[in-house]
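See structure below.
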Amino acid sequence: MYRRDLRDTSTDDLLADAATAEMAEQAIPEPEETDGNRLAYAASREHRTDLYLKDGSETRKLTSRGLLAQRYTHLDPRWFDWHPEGETIAYAGEDDDGLSIWTVDTESGEKTRVTNHSALDSNPRFSPGGDEIAFVTDNWSPGSLAVASADGRRVEVLRDDEYLYTDPRWADDDDLYAVRMRHRDLSDRASQVVRVSRDGEVDPVFAGDSVNAYAPRPRPGSATDEIAFVHDESGFDALYLAGPERAEPEQLLAEAGTDLGAPAWDSAGEKLAVTATRSGNVEVRTVAPDSGETEVLTDEPGDRYFPEWRGGDVLAVAADPTTPPEVRNVSAGERVVGRPPAGLESRFVDPETITYDSTGGVEIHAMVYLPEGHDDADPDSVPLLVHPHGGPTAFDGYEFNYRAQYFARQGFAVIEPNYRGSSGFGREFRDRNDFAWGEGDLDDVVNAADALADRYDAVDPDRAGIFGGSGGGLMTVNALGRTDRFDAGAAFYGVYDYETFSDDTDDVGWRLMKRELGYPATDIENYREASPIRSVPDIEAPLLVLHGEEDVRVPLSQSEQLVDELDKHGKTYEFQTYDDEPHGFRKRENVLDAYSRVADLFAKYLEVDPDDGSSRPHRPDDE
């Protein structure tokens, strides 16, 4: 480990507090028909996500072994669901065999296991009558659509075919809507909205060539079986209304430069709440389909998702750069559920946004975190860090970002570029690095360093580091091997050799490879050219490599191969693994260890000296 007396260790408590903050994942109010005011929500802390019930001023924990309640891409499905009469909640919960469908009694807390197989189950949805639960399962093949009786006595598959199904929604007790995509595709490239009858017959609602369609939401009280959904044929995600009496879906809401998503009807079917993503900011809006009237419910930059109606108000999970994800009434501007660590806001900075031109004149949007006092700092006195996100189809915006905040407190200027291939900027931009990984996207990341130094006088262009996880780890090694722009780098759980990765990754990783790089049999050179491990002989800067040993998306073998190659060529590196971490680090002690190691690395090689008594000696027993 690098010496800790080279850096400010007093900020480690900020990292520890932020890493263990409770973070809301999803919230669903009790059905209005029950005349109740209870709220079911999922919240995560370190590795564990559990289901909670808020009833007035009382909050009870309903699960003890965790549940699946997390975002994957932008589909915004429900990961748990209320019984129509409020008696139970269905959820995808952990057991010794994996994730099964369970129900929990909202009064007694008694749990009933609905499915009894070892395959992954998710997306439970009660039928309108409450007698059945639709869900997605890997029991027959990945992404099959199935239905079980609510008591678990009967389970049957509706669709087990060449498609992956997700986000089932009941039209009535006989039919369901769902999203489907071919096994070879990913949900953010080509997907369809379909109606599936109770006997398994499929009727497409919308299926465009290479168009992404998702979020089917049946209109409550509709006598014409109308359904709201989203598709991106226009180039950006827009909101549409379809039904048997409409020859073509009607566009309800669209805006150039803005991706709309996560539509949710009020109980009367008169209004929809939606998210609107533009330049890193995610708003919540409402639209009345019959009149076209719209309203923006949020006014400050932030990150919002999963809007749901409670009476005439809209609730959503919301976060901002100084506040962890919490449940907010965005109509009233009030916190409903959430416990941010005391004093955290005062220790964090508000990020800024910049844009810059990259290769080919492509404009890149980026978030910037600057240390306090940078306006009065001497020219070239602040070292810089570039932090590319993973995904690669993710984006950095006004979210709760304790990693960037930690390094800003350490005295670094941090830039997070939304390089080509990022989501939130339309379909064409998101597709720009297909079959071209390590080309224009790498230019965008490398050019971010110059853009940051050009914009702020205090930032030193000659002291630059880079760090990132998953796709950001890949980008870090690519940047070190293919350019000489950076003085040090830290790569978390990245893909470094695509040729071997295609054999070892899970199903999602495999589909990602096929979509982005083609098939190994015919396109193996794409895999080889995109692999950072090929440029290891050209790496001159020191590299810190970190990986979780339980990672199935990007197996530990990727980092082991990289380290073997670094060792073979006599490069300066450090390798650290964590035996109880999957793809991404969450446990307090591991987050603290990993990111303080990165801070030590940059303090040494970017010449940072706090010189104010805030450092501490390196203990002899530190490994």
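Here's how to read the names in the structure tokens: chain A, B, ... by the order shown, residue numbers from 1 in each chain, ligand numbers from 1 in the order shown.
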
Stretch 206-311 of chain A residues near stretch 344-356 of chain A within 12 Å, closest pair each, using only C-alpha atoms, as a Markdown table:
| residue | atom | partner | partner_atom | distance |
| --- | --- | --- | --- | --- |
| A:Ser279 | CA | A:Thr353 | CA | 8.6 |
| A:Gly280 | CA | A:Thr353 | CA | 8.7 |
| A:Asn281 | CA | A:Thr353 | CA | 10.5 |
| A:Glu300 | CA | A:Asp350 | CA | 11.9 |
| A:Pro301 | CA | A:Pro351 | CA | 10.4 |
| A:Gly302 | CA | A:Pro351 | CA | 11.0 |

Please dump the current selection as a PDB file, in the first residue's frame; keep C-alpha atoms.
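Writing done, so here's result_11.pdb:
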ATOM      1  CA  SER A 279     -28.085  16.808 -19.747  1.00  0.00           C
ATOM      2  CA  GLY A 280     -27.751  14.745 -16.589  1.00  0.00           C
ATOM      3  CA  ASN A 281     -30.871  16.150 -14.903  1.00  0.00           C
ATOM      4  CA  GLU A 300     -33.786  21.701  -8.866  1.00  0.00           C
ATOM      5  CA  PRO A 301     -31.281  19.447 -10.693  1.00  0.00           C
ATOM      6  CA  GLY A 302     -31.377  15.882  -9.418  1.00  0.00           C
TER       7      GLY A 302
END

### Task
Extract, using only C-alpha atoms, all DNA, RNA and protein residues at most 7 Å from A:Arg432, discarding same-chain residues fewer than 4 positions from it, and format them as a VMD selection string.
chain A and resid 420 to 421 428

### Message
When DSSP is applied to the backbone of this structure, which of stretch 225-374 of chain A are assigned strand (DSSP E)? Write them out as a ChimeraX atom specification.
### Response
/A:227-231,238-242,250-253,259-265,272-278,281-287,294-296,303-310,313-320,323-329,334-337,352-357,363-369

### Task
Quick one: everything within 8 Å of stretch 258-269 of chain A, counting only C-alpha atoms, minus sequence neighbours fewer than 4 positions away in the same chain. Send it as a PyMOL selection string.
chain A and resi 32+74-76+215+217+219-222+228-230+236-239+254+273-278+305-312+424-426

### Query
Near A:Thr323, counting only C-alpha atoms, which residues have an atom at most 9 Å away, once you skip same-chain residues fewer than 4 positions from it, shown as a ChimeraX atom specification?
/A:318-319,340-341,344-345,399-400

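Nearest residue to A:Thr483, choosing from A:Ile539, A:Ala377, A:Ala530, A:Val330 and counting only C-alpha atoms: A:Ile539.
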
### Task
Give me the residues within 7 Å of stretch 437-450 of chain A as a VMD selection string, counting only C-alpha atoms and dropping any in the same chain fewer than 2 places off.
chain A and resid 358 to 359 386 388 415 417 419 to 420 433 to 435 452 to 454 461 475 478 to 479 530

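We find atom CA of A:Glu363 and atom CA of A:Ala404 to be spaced 22.4 Å apart.
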
### Message
With only C-alpha atoms as the counted atoms, please give the residues lying no more than 12 Å from A:Pro371, apart from itself and same-chain residues fewer than 2 positions off, as a PyMOL selection string.
### Response
chain A and resi 347-352+368-369+373-377+381-385+404-415+456+458-459

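Between atom CA of A:Glu550 and atom CA of A:Glu581 the separation is 5.4 Å.
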
### Query
For A:Ala92, which residue among A:Thr49, A:Ser108, A:Ser291, A:Ser559 is the nearest when counting only C-alpha atoms?
A:Thr49

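Of the listed residues A:Leu67, A:Leu15, A:Val317, A:Leu53, the one whose atoms come nearest to A:Gly86 is A:Leu53, with distances taken using only C-alpha atoms.
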
### Summary
One residue among A:Ala594, A:Leu176, A:Ala256, A:Leu474 is nearest to A:Val202 when using only C-alpha atoms, and that residue is A:Leu176

### Query
Using only C-alpha atoms, which of the listed residues (A:Phe492, A:Phe501, A:Trp102, A:Tyr527) sits closest to A:Thr577?
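The shortest atom-to-atom distance to A:Thr577 comes from A:Phe492.
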